[in-house]
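To start, the structure itself, in structure tokens.
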Amino acid sequence: MHTTTRFALLVQERHWDSYEVFCIRFAKAAARAAEKENNPRLARTDIARSTYARWMGRKGAITSTPRRDAALVLQHMFNMSPERLFEPIDASSWSSGHHSTTPVAPADPPGFDDPLTIVSQTHRLTSSNADDPVLGMVRGTIASIVARYETLGPQHLAGEARIIRETLHGILAGHQPPRTRTELFRLASQASGLLGYMAVNAGARYEVVDAYCTEAETLAREVGEVAMEMWANGTRSLGLYYLKRYADADDAASAGIALAPGHPQAIRLLVNGRARALARVGDRAGAEAAIGHALELSDRQTSLPDGLTSCISFEPYSMARSLANAITTRLSLGDTAEVLAHADQIEELIEHSQSEWSRALVGLDVASALLKQGSPEIEHAMARGRRALRSGTGRPIKSVWERAVELYQNAERWHDEAEVGDYAEELRTWQSQPQVGLIAVGWASQIAP
């Protein structure tokens with residue numbers, strides 16, 4: 001004699017013995033129970049796969065009947081008490097003696113799927129392990145990292161960005177409908193992009209920068225996010241620029257521009273990527289054309305951000321940030337008058353900005369221009385340099401450190417001047433801080449004691 005339960009026999013008889021099909025039927029019964037019992041909580045009742053297997057007798061004998069909400073839903077589902085439902089039954093007597101009162105539907109022609117199987121398969125295809133609250137949490141965290149970046153720096157935020165990236169990779173290993181999966185790819189691209197930019201600022205090996213940027217642009221390309229693909233190219237260009245691989249930096253920026261020459265993201269690629277790299281290799285015409293194109297493209301936009309956005313922002317460059325980058329290009333070209341004129345244009349905005357790094361970088365460029373002009377202003381330049389250093393030492397990044405050392409190199413021929421010695425001492429003090437770490441590697445010998 002094969003003993004089972006009335007529940008298992010009814011489920012098999014009705015062809016609900018797939019877990020997915022049973023869950024669909026159970027959810028419908030839960031909704032009916034919630035309405036009839038005036039208890040909304042019942043509609044949220046669900047059954048774990050392990051519980052279903054136990055009810056079906058696949059994990060040994062059932063020692064107790066379901067209770068509370070599940071019991072009430074089952075009562076509405078089968079129109080009998082849980083005690084009767086899970087009463088032991090002789091399977092052989094059931095098959096010979098039980099007669100269902102439910103009318104038997106005519107059989108479908110051969111070759112078609114069972115309707116409930118179709119419903120189950122559709123449910124699997126449209127189900128997701130990433131609901132709207134999860135996506136909202138990821139979006140909010142990425143926006144928060146961008147907003148806090150210039151306050152806390154890569155040393156404090158890289159770990160948080162890594163967790164978001166790993167979380168997104170874990171979710172993407174699951175199952176989502178196309179719309180949700182597209183959004184996950186976009187967010188995963190942003191997370192990789194953030195880490196690539198942080199790696200540049202923290203002085204990480206270029207291979208690390210390139211790996212993150214490649215992941216960011218690959219994921220962006222898969223879902224047609226051209227803006228993000230361009231942004232990743234711009235970050236790769238930045239990493240190459242600080243390696244002094246200026247021709248490669250120009251190539252990376254040019255590749256990004258080629259994706260959508262009129263896109264607002266091209267402003268960054270032109271003025272931060274191409275112009276600065278071309279100026280470093282002495283291509284004045286190319287650098288000036290890149291600046292002009294960037295400013296012209298800015299003028300054509302109707303919704304550029306105001307002020308100075310975070311340097312790691314995914315937004316297009318504001319006019320102020322474009323001018324700040326043009327200052328660096330003009331300095332490399334030796335156009336000191338243009339450097340000082342552009343700095344005057346954005347001085348008030350820079351001074352009232354929360355971007356300490358922008359204050360430091362523009363201040364260091366102005367200090368170098370004061371030294372390089374026809375009548376060098378050594379005392380003024382070193383005072384500007386020290387003030388700029390104090391703006392950028394709290395959360396050191398590679399660009400501020402390198403520009404600070406370049407200022408010292410420009411001033412070295414006046415090393416007997418007290419102001420130059422004071423600046424060098426401040427630079428050495430900054431270098432001695434543990435958090436500077438890898439950022440200063442290779443530069444220490446260039447600061448004379």
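Please note that chains go A, B, ... in the order of the structure tokens, that every chain numbers its residues from 1, and that ligands are numbered from 1 in the order shown.
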
List the spatial neighbours of range 305-307 of chain A as a ChimeraX atom specification - criterion: any atom at most 12 Å away, only C-alpha atoms, same-chain residues fewer than 6 positions off excluded.
/A:264,298,313-324,346-355,358

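Closest to Ile164 in chain A among A:Val146, A:Val420, A:Ala191, A:Leu270 is A:Ala191, based on only C-alpha atoms.
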
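A straight line drawn from CA of Leu187 in chain A to CA of Arg236 in chain A is 18.7 Å long.
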
Hey, what's within 9 Å of Glu419 in chain A if we count only C-alpha atoms and toss same-chain stuff fewer than 3 positions away? As a PyMOL selection string, please?
chain A and resi 378-379+382-383+415-416+422-424

Any idea what's packed within 10 Å of Val138 in chain A, counting only C-alpha atoms, ignoring anything in its chain fewer than 3 positions away? Could you give it as a ChimeraX atom specification?
/A:132-135,141-144,164-165,167-168,184,187-188,191

Since we have the selection now, will you write its residues out, keeping N, CA and C atoms, as a PDB file, in the first residue's frame?
ATOM      1  N   ASP A 132      12.302  47.305  -8.395  1.00  0.00           N
ATOM      2  CA  ASP A 132      12.521  48.758  -8.419  1.00  0.00           C
ATOM      3  C   ASP A 132      13.249  49.280  -7.181  1.00  0.00           C
ATOM      4  N   PRO A 133      12.945  48.793  -5.970  1.00  0.00           N
ATOM      5  CA  PRO A 133      13.712  49.282  -4.802  1.00  0.00           C
ATOM      6  C   PRO A 133      15.204  48.986  -4.898  1.00  0.00           C
ATOM      7  N   VAL A 134      15.576  47.833  -5.445  1.00  0.00           N
ATOM      8  CA  VAL A 134      17.001  47.506  -5.602  1.00  0.00           C
ATOM      9  C   VAL A 134      17.650  48.459  -6.597  1.00  0.00           C
ATOM     10  N   LEU A 135      16.998  48.671  -7.742  1.00  0.00           N
ATOM     11  CA  LEU A 135      17.544  49.600  -8.741  1.00  0.00           C
ATOM     12  C   LEU A 135      17.644  51.011  -8.172  1.00  0.00           C
ATOM     13  N   THR A 141      23.073  55.217  -4.592  1.00  0.00           N
ATOM     14  CA  THR A 141      24.443  55.067  -4.100  1.00  0.00           C
ATOM     15  C   THR A 141      25.446  55.647  -5.090  1.00  0.00           C
ATOM     16  N   ILE A 142      25.249  55.397  -6.377  1.00  0.00           N
ATOM     17  CA  ILE A 142      26.153  55.949  -7.392  1.00  0.00           C
ATOM     18  C   ILE A 142      26.100  57.473  -7.373  1.00  0.00           C
ATOM     19  N   ALA A 143      24.893  58.039  -7.297  1.00  0.00           N
ATOM     20  CA  ALA A 143      24.766  59.505  -7.232  1.00  0.00           C
ATOM     21  C   ALA A 143      25.432  60.055  -5.973  1.00  0.00           C
ATOM     22  N   SER A 144      25.318  59.336  -4.869  1.00  0.00           N
ATOM     23  CA  SER A 144      25.929  59.774  -3.616  1.00  0.00           C
ATOM     24  C   SER A 144      27.454  59.755  -3.701  1.00  0.00           C
ATOM     25  N   ILE A 164      29.315  48.200  -4.912  1.00  0.00           N
ATOM     26  CA  ILE A 164      28.225  48.401  -5.868  1.00  0.00           C
ATOM     27  C   ILE A 164      28.493  47.618  -7.144  1.00  0.00           C
ATOM     28  N   ARG A 165      29.737  47.664  -7.629  1.00  0.00           N
ATOM     29  CA  ARG A 165      30.077  46.913  -8.852  1.00  0.00           C
ATOM     30  C   ARG A 165      29.856  45.415  -8.641  1.00  0.00           C
ATOM     31  N   THR A 167      27.962  43.958  -6.432  1.00  0.00           N
ATOM     32  CA  THR A 167      26.528  43.708  -6.258  1.00  0.00           C
ATOM     33  C   THR A 167      25.832  43.606  -7.614  1.00  0.00           C
ATOM     34  N   LEU A 168      26.159  44.539  -8.506  1.00  0.00           N
ATOM     35  CA  LEU A 168      25.541  44.535  -9.828  1.00  0.00           C
ATOM     36  C   LEU A 168      25.948  43.296 -10.625  1.00  0.00           C
ATOM     37  N   LEU A 184      20.407  47.603 -15.575  1.00  0.00           N
ATOM     38  CA  LEU A 184      21.505  47.037 -14.791  1.00  0.00           C
ATOM     39  C   LEU A 184      22.835  47.179 -15.523  1.00  0.00           C
ATOM     40  N   LEU A 187      23.951  50.824 -15.147  1.00  0.00           N
ATOM     41  CA  LEU A 187      24.463  51.105 -13.810  1.00  0.00           C
ATOM     42  C   LEU A 187      25.810  50.421 -13.576  1.00  0.00           C
ATOM     43  N   ALA A 188      25.962  49.193 -14.069  1.00  0.00           N
ATOM     44  CA  ALA A 188      27.237  48.489 -13.919  1.00  0.00           C
ATOM     45  C   ALA A 188      28.334  49.217 -14.689  1.00  0.00           C
ATOM     46  N   ALA A 191      29.378  52.111 -12.501  1.00  0.00           N
ATOM     47  CA  ALA A 191      30.186  51.674 -11.360  1.00  0.00           C
ATOM     48  C   ALA A 191      31.631  51.412 -11.787  1.00  0.00           C
TER      49      ALA A 191
END
